$ cat target_21.cif   # mmCIF, C-alpha atoms
data_final
#
loop_
_atom_site.group_PDB
_atom_site.id
_atom_site.type_symbol
_atom_site.label_atom_id
_atom_site.label_comp_id
_atom_site.auth_asym_id
_atom_site.auth_seq_id
_atom_site.Cartn_x
_atom_site.Cartn_y
_atom_site.Cartn_z
ATOM 1 C CA MET A 1 -20.575 75.098 -77.880
ATOM 2 C CA LYS A 2 -23.429 75.506 -75.402
ATOM 3 C CA LEU A 3 -22.628 79.213 -75.008
ATOM 4 C CA LEU A 4 -22.605 79.711 -78.776
ATOM 5 C CA PHE A 5 -25.921 77.842 -79.157
ATOM 6 C CA CYS A 6 -27.565 79.957 -76.439
ATOM 7 C CA GLY A 7 -26.209 83.081 -78.100
ATOM 8 C CA LEU A 8 -27.706 82.086 -81.462
ATOM 9 C CA ILE A 9 -31.091 81.387 -79.889
ATOM 10 C CA LEU A 10 -30.991 84.763 -78.148
ATOM 11 C CA LEU A 11 -30.143 86.536 -81.398
ATOM 12 C CA LEU A 12 -32.980 84.784 -83.228
ATOM 13 C CA ALA A 13 -35.492 85.433 -80.439
ATOM 14 C CA LEU A 14 -34.692 89.134 -80.027
ATOM 15 C CA PRO A 15 -33.929 90.581 -83.474
ATOM 16 C CA ALA A 16 -34.458 94.218 -82.399
ATOM 17 C CA TRP A 17 -32.051 93.854 -79.492
ATOM 18 C CA ALA A 18 -29.602 91.945 -81.713
ATOM 19 C CA ASN A 19 -29.192 95.046 -83.880
ATOM 20 C CA HIS A 20 -27.281 96.616 -80.980
ATOM 21 C CA LEU A 21 -24.610 93.877 -80.936
ATOM 22 C CA VAL A 22 -21.487 93.925 -83.057
ATOM 23 C CA LEU A 23 -19.300 90.825 -83.145
ATOM 24 C CA GLN A 24 -15.522 91.126 -83.314
ATOM 25 C CA GLU A 25 -13.555 88.693 -85.381
ATOM 26 C CA ARG A 26 -11.640 86.196 -83.309
ATOM 27 C CA GLN A 27 -8.000 86.914 -82.434
ATOM 28 C CA THR A 28 -5.618 83.981 -81.940
ATOM 29 C CA VAL A 29 -1.973 84.235 -80.914
ATOM 30 C CA ASP A 30 0.714 81.748 -79.940
ATOM 31 C CA ILE A 31 1.960 82.449 -76.436
ATOM 32 C CA TYR A 32 4.247 79.526 -75.770
ATOM 33 C CA GLY A 33 6.095 76.759 -77.532
ATOM 34 C CA SER A 34 8.342 74.377 -75.639
ATOM 35 C CA GLY A 35 11.138 74.684 -78.145
ATOM 36 C CA ALA A 36 13.739 74.009 -75.462
ATOM 37 C CA LEU A 37 12.812 70.344 -75.536
ATOM 38 C CA GLU A 38 14.545 68.054 -77.981
ATOM 39 C CA PRO A 39 12.772 68.255 -81.352
ATOM 40 C CA GLY A 40 10.648 65.220 -82.032
ATOM 41 C CA LEU A 41 10.770 64.035 -78.424
ATOM 42 C CA ALA A 42 7.956 66.105 -76.898
ATOM 43 C CA ASP A 43 6.361 69.470 -77.473
ATOM 44 C CA VAL A 44 3.551 71.577 -76.034
ATOM 45 C CA ASP A 45 2.251 74.721 -77.718
ATOM 46 C CA TYR A 46 -0.290 77.100 -76.204
ATOM 47 C CA ARG A 47 -2.527 79.505 -78.103
ATOM 48 C CA LEU A 48 -4.787 82.161 -76.624
ATOM 49 C CA SER A 49 -7.856 83.315 -78.505
ATOM 50 C CA TRP A 50 -10.336 85.998 -77.669
ATOM 51 C CA GLN A 51 -13.613 87.178 -79.059
ATOM 52 C CA LEU A 52 -15.525 90.248 -77.984
ATOM 53 C CA SER A 53 -18.987 91.534 -78.770
ATOM 54 C CA GLY A 54 -20.045 95.090 -78.114
ATOM 55 C CA GLN A 55 -23.404 96.430 -77.070
ATOM 56 C CA ARG A 56 -24.442 99.899 -78.191
ATOM 57 C CA SER A 57 -26.157 102.177 -75.699
ATOM 58 C CA SER A 58 -26.456 105.884 -74.989
ATOM 59 C CA ALA A 59 -23.096 105.655 -73.159
ATOM 60 C CA GLY A 60 -21.396 104.258 -76.274
ATOM 61 C CA CYS A 61 -20.304 100.718 -77.011
ATOM 62 C CA SER A 62 -19.482 98.431 -74.076
ATOM 63 C CA PRO A 63 -18.215 94.844 -73.886
ATOM 64 C CA ALA A 64 -21.269 92.589 -73.812
ATOM 65 C CA GLN A 65 -19.655 89.192 -74.110
ATOM 66 C CA VAL A 66 -16.002 88.221 -73.824
ATOM 67 C CA LEU A 67 -14.820 84.745 -74.723
ATOM 68 C CA VAL A 68 -11.211 83.782 -74.027
ATOM 69 C CA SER A 69 -9.935 80.309 -74.834
ATOM 70 C CA LEU A 70 -6.621 78.592 -74.250
ATOM 71 C CA THR A 71 -5.682 75.710 -76.531
ATOM 72 C CA ALA A 72 -2.810 73.339 -75.840
ATOM 73 C CA THR A 73 -1.335 71.087 -78.487
ATOM 74 C CA VAL A 74 0.681 68.263 -76.960
ATOM 75 C CA SER A 75 3.025 66.034 -78.940
ATOM 76 C CA GLU A 76 4.896 63.191 -77.323
ATOM 77 C CA PRO A 77 6.049 59.706 -78.286
ATOM 78 C CA LEU A 78 3.446 56.967 -78.316
ATOM 79 C CA GLU A 79 5.837 54.765 -76.409
ATOM 80 C CA TRP A 80 8.577 55.587 -73.930
ATOM 81 C CA LEU A 81 11.449 53.336 -73.000
ATOM 82 C CA GLU A 82 10.556 51.277 -69.949
ATOM 83 C CA THR A 83 13.640 52.168 -67.927
ATOM 84 C CA PRO A 84 13.539 54.064 -64.628
ATOM 85 C CA GLU A 85 15.577 56.917 -66.142
ATOM 86 C CA TRP A 86 13.133 57.445 -69.000
ATOM 87 C CA GLN A 87 10.106 57.098 -66.725
ATOM 88 C CA ASN A 88 11.599 59.741 -64.407
ATOM 89 C CA TYR A 89 12.243 61.976 -67.395
ATOM 90 C CA ARG A 90 8.636 61.609 -68.539
ATOM 91 C CA LEU A 91 7.306 62.396 -65.036
ATOM 92 C CA ALA A 92 9.558 65.480 -64.848
ATOM 93 C CA LEU A 93 8.320 66.545 -68.285
ATOM 94 C CA ILE A 94 4.683 66.214 -67.218
ATOM 95 C CA SER A 95 5.376 68.132 -64.010
ATOM 96 C CA TYR A 96 7.221 70.904 -65.839
ATOM 97 C CA GLU A 97 4.481 71.322 -68.440
ATOM 98 C CA ARG A 98 1.847 71.369 -65.660
ATOM 99 C CA LEU A 99 3.630 74.393 -64.184
ATOM 100 C CA VAL A 100 3.730 76.035 -67.620
ATOM 101 C CA ARG A 101 0.018 75.277 -68.094
ATOM 102 C CA GLU A 102 -0.802 76.968 -64.765
ATOM 103 C CA ARG A 103 0.922 80.127 -65.961
ATOM 104 C CA ALA A 104 -0.839 79.974 -69.324
ATOM 105 C CA LEU A 105 -4.220 79.591 -67.571
ATOM 106 C CA LEU A 106 -3.418 82.544 -65.329
ATOM 107 C CA SER A 107 -2.594 84.599 -68.424
ATOM 108 C CA ALA A 108 -5.935 83.636 -69.993
ATOM 109 C CA GLU A 109 -7.723 84.718 -66.805
ATOM 110 C CA TRP A 110 -5.912 88.085 -66.840
ATOM 111 C CA LEU A 111 -6.865 88.583 -70.472
ATOM 112 C CA ASP A 112 -10.517 87.795 -69.758
ATOM 113 C CA GLN A 113 -10.629 90.241 -66.838
ATOM 114 C CA SER A 114 -8.878 92.983 -68.810
ATOM 115 C CA LEU A 115 -11.233 92.697 -71.780
ATOM 116 C CA SER A 116 -14.333 92.547 -69.575
ATOM 117 C CA GLN A 117 -13.368 95.755 -67.777
ATOM 118 C CA ILE A 118 -12.987 97.970 -70.857
ATOM 119 C CA ALA A 119 -14.847 101.258 -70.355
ATOM 120 C CA PRO A 120 -17.570 102.185 -72.866
ATOM 121 C CA GLN A 121 -16.147 103.587 -76.082
ATOM 122 C CA ALA A 122 -17.591 106.097 -78.547
ATOM 123 C CA ASP A 123 -18.479 103.305 -80.976
ATOM 124 C CA CYS A 124 -18.001 99.566 -81.363
ATOM 125 C CA GLU A 125 -15.172 99.963 -83.849
ATOM 126 C CA GLN A 126 -13.223 101.895 -81.213
ATOM 127 C CA LEU A 127 -14.111 99.232 -78.620
ATOM 128 C CA HIS A 128 -12.615 96.560 -80.880
ATOM 129 C CA LYS A 129 -9.442 98.588 -81.387
ATOM 130 C CA VAL A 130 -9.051 99.078 -77.630
ATOM 131 C CA ALA A 131 -9.742 95.355 -77.055
ATOM 132 C CA ASP A 132 -7.060 94.390 -79.566
ATOM 133 C CA ARG A 133 -4.499 96.719 -77.954
ATOM 134 C CA ILE A 134 -5.306 95.353 -74.500
ATOM 135 C CA GLY A 135 -5.329 91.779 -75.789
ATOM 136 C CA TYR A 136 -1.942 92.016 -77.458
ATOM 137 C CA HIS A 137 -0.511 93.806 -74.431
ATOM 138 C CA GLN A 138 -1.733 91.000 -72.138
ATOM 139 C CA LEU A 139 -0.335 88.419 -74.549
ATOM 140 C CA GLY A 140 3.051 90.116 -74.361
ATOM 141 C CA ILE A 141 2.880 89.850 -70.582
ATOM 142 C CA ALA A 142 1.961 86.149 -70.891
ATOM 143 C CA GLN A 143 4.873 85.457 -73.228
ATOM 144 C CA THR A 144 7.269 87.233 -70.859
ATOM 145 C CA LEU A 145 5.897 85.323 -67.864
ATOM 146 C CA LEU A 146 6.390 81.979 -69.602
ATOM 147 C CA ARG A 147 9.801 82.863 -71.024
ATOM 148 C CA ASP A 148 11.007 84.028 -67.596
ATOM 149 C CA PHE A 149 9.725 80.819 -66.000
ATOM 150 C CA GLN A 150 11.676 78.767 -68.544
ATOM 151 C CA ARG A 151 14.873 80.697 -67.889
ATOM 152 C CA GLN A 152 14.508 80.637 -64.092
ATOM 153 C CA ASN A 153 14.196 76.865 -64.170
ATOM 154 C CA ASP A 154 16.881 76.336 -66.821
ATOM 155 C CA TYR A 155 14.206 75.067 -69.214
ATOM 156 C CA GLY A 156 13.129 72.416 -66.720
ATOM 157 C CA ARG A 157 16.550 71.110 -65.769
ATOM 158 C CA GLN A 158 16.263 72.508 -62.225
ATOM 159 C CA LEU A 159 13.009 70.571 -61.914
ATOM 160 C CA GLY A 160 14.594 67.269 -62.964
ATOM 161 C CA LEU A 161 13.963 67.511 -66.701
ATOM 162 C CA ILE A 162 17.273 65.950 -67.748
ATOM 163 C CA LYS A 163 17.270 63.596 -70.702
ATOM 164 C CA PRO A 164 18.868 60.219 -69.883
#
$ encode --input "target_21.cif" --output "structure tokens"
Amino acid sequence: MKLLFCGLILLLALPAWANHLVLQERQTVDIYGSGALEPGLADVDYRLSWQLSGQRSSAGCSPAQVLVSLTATVSEPLEWLETPEWQNYRLALISYERLVRERALLSAEWLDQSLSQIAPQADCEQLHKVADRIGYHQLGIAQTLLRDFQRQNDYGRQLGLIKP
């Protein structure tokens, strides 16, 4: 919010300079859903979004501002059974999802770096097309990373995620 507010002030204060900026529409993609968990018991979904503005110059259009966000939606029961087995299950679930979250955050960092390092393009429309190709490519890598992690850990079972 603070970044957006500062950006609006800058655009209002420097209208001539603002003419050189072109804002890309925001892209949002699901990268992970914990569908391996029992439906209705618990679920975590991650979404990556990115937004890119371009700055025109004599060299073409370059990334001026990249904003990448990762959103997690967590659903779990309001109350868990107060037995040691269920408490252990809940702790294993939290631990497993923490490991997934670390991979999702790493993917968001890779996306941010990739978008920030785009070379100047002939125009801002081309910059946006290149950014979208890079973004969707990085999202594919993120989905593969998370899917492989799930499989390697037998969807959490190897980490103690076994329903009582």
$ atom_distance --input "target_21.cif" --atom1 "atom CA of A:Val100" --atom2 "atom CA of A:Ser114"
21.2 Å
$ atom_distance --input "target_21.cif" --atom1 "atom CA of A:Trp50" --atom2 "atom CA of A:Pro63"
12.4 Å
$ residues_around --input "target_21.cif" --residues "A:Cys124" --least-positions-apart "5" --cutoff "8 Å" --atoms "all atoms listed in the file" --output "ChimeraX atom specification"
/A:22,54-56,60-62
$ resolve_selection --input "target_21.cif" --expression "the PyMOL selection byres ((chain A and resi 51) around 6)" --output "list in words"
Arg26, Trp50, Leu52, Val66 and Leu67 of chain A
$ closest_atom_pairs --input "target_21.cif" --of "stretch 78-132 of chain A" --to "stretch 149-162 of chain A" --cutoff "9 Å" --atoms "only C-alpha atoms" --output "Markdown table"
| residue | atom | partner | partner_atom | distance |
| --- | --- | --- | --- | --- |
| A:Asn88 | CA | A:Gly160 | CA | 8.2 |
| A:Tyr89 | CA | A:Leu161 | CA | 5.8 |
| A:Arg90 | CA | A:Leu161 | CA | 8.2 |
| A:Leu91 | CA | A:Leu161 | CA | 8.6 |
| A:Ala92 | CA | A:Leu161 | CA | 5.2 |
| A:Leu93 | CA | A:Leu161 | CA | 5.9 |
| A:Ser95 | CA | A:Leu159 | CA | 8.3 |
| A:Tyr96 | CA | A:Gly156 | CA | 6.2 |
| A:Glu97 | CA | A:Gly156 | CA | 8.9 |
| A:Val100 | CA | A:Phe149 | CA | 7.8 |
| A:Arg103 | CA | A:Phe149 | CA | 8.8 |
$ atom_distance --input "target_21.cif" --atom1 "atom CA of A:Asp45" --atom2 "atom CA of A:Trp80"
20.5 Å
$ decode --input "target_21.cif" --residues "stretch 106-147 of chain A" --atoms "C-alpha atoms" --output "PDB file, in the first residue's frame"
ATOM      1  CA  LEU A 106      11.762 -18.922  -3.301  1.00  0.00           C
ATOM      2  CA  SER A 107       9.739 -19.122  -6.517  1.00  0.00           C
ATOM      3  CA  ALA A 108       8.436 -15.582  -5.957  1.00  0.00           C
ATOM      4  CA  GLU A 109      12.013 -14.366  -5.447  1.00  0.00           C
ATOM      5  CA  TRP A 110      13.129 -16.049  -8.694  1.00  0.00           C
ATOM      6  CA  LEU A 111      10.237 -14.448 -10.543  1.00  0.00           C
ATOM      7  CA  ASP A 112      11.096 -11.005  -9.171  1.00  0.00           C
ATOM      8  CA  GLN A 113      14.756 -11.353 -10.176  1.00  0.00           C
ATOM      9  CA  SER A 114      13.885 -12.647 -13.646  1.00  0.00           C
ATOM     10  CA  LEU A 115      11.466  -9.806 -14.372  1.00  0.00           C
ATOM     11  CA  SER A 116      13.843  -7.157 -13.021  1.00  0.00           C
ATOM     12  CA  GLN A 117      16.659  -8.342 -15.285  1.00  0.00           C
ATOM     13  CA  ILE A 118      14.783  -8.105 -18.596  1.00  0.00           C
ATOM     14  CA  ALA A 119      16.902  -6.277 -21.183  1.00  0.00           C
ATOM     15  CA  PRO A 120      15.461  -3.123 -22.784  1.00  0.00           C
ATOM     16  CA  GLN A 121      12.963  -3.908 -25.517  1.00  0.00           C
ATOM     17  CA  ALA A 122      12.038  -1.977 -28.661  1.00  0.00           C
ATOM     18  CA  ASP A 123       8.822  -0.745 -27.041  1.00  0.00           C
ATOM     19  CA  CYS A 124       6.826  -1.246 -23.859  1.00  0.00           C
ATOM     20  CA  GLU A 125       4.343  -3.571 -25.524  1.00  0.00           C
ATOM     21  CA  GLN A 126       7.219  -5.909 -26.385  1.00  0.00           C
ATOM     22  CA  LEU A 127       8.547  -5.572 -22.818  1.00  0.00           C
ATOM     23  CA  HIS A 128       5.173  -6.710 -21.476  1.00  0.00           C
ATOM     24  CA  LYS A 129       5.095  -9.685 -23.838  1.00  0.00           C
ATOM     25  CA  VAL A 130       8.601 -10.730 -22.777  1.00  0.00           C
ATOM     26  CA  ALA A 131       7.648 -10.255 -19.098  1.00  0.00           C
ATOM     27  CA  ASP A 132       4.590 -12.467 -19.524  1.00  0.00           C
ATOM     28  CA  ARG A 133       6.626 -15.212 -21.227  1.00  0.00           C
ATOM     29  CA  ILE A 134       9.258 -15.075 -18.489  1.00  0.00           C
ATOM     30  CA  GLY A 135       6.601 -14.917 -15.778  1.00  0.00           C
ATOM     31  CA  TYR A 136       4.696 -17.943 -17.017  1.00  0.00           C
ATOM     32  CA  HIS A 137       7.941 -19.845 -17.538  1.00  0.00           C
ATOM     33  CA  GLN A 138       8.991 -19.130 -13.931  1.00  0.00           C
ATOM     34  CA  LEU A 139       5.535 -20.142 -12.722  1.00  0.00           C
ATOM     35  CA  GLY A 140       5.906 -23.460 -14.521  1.00  0.00           C
ATOM     36  CA  ILE A 141       9.198 -23.977 -12.710  1.00  0.00           C
ATOM     37  CA  ALA A 142       7.498 -23.118  -9.391  1.00  0.00           C
ATOM     38  CA  GLN A 143       4.677 -25.581 -10.015  1.00  0.00           C
ATOM     39  CA  THR A 144       7.180 -28.314 -10.890  1.00  0.00           C
ATOM     40  CA  LEU A 145       9.259 -27.553  -7.791  1.00  0.00           C
ATOM     41  CA  LEU A 146       6.220 -27.817  -5.524  1.00  0.00           C
ATOM     42  CA  ARG A 147       4.805 -30.892  -7.252  1.00  0.00           C
TER      43      ARG A 147
END
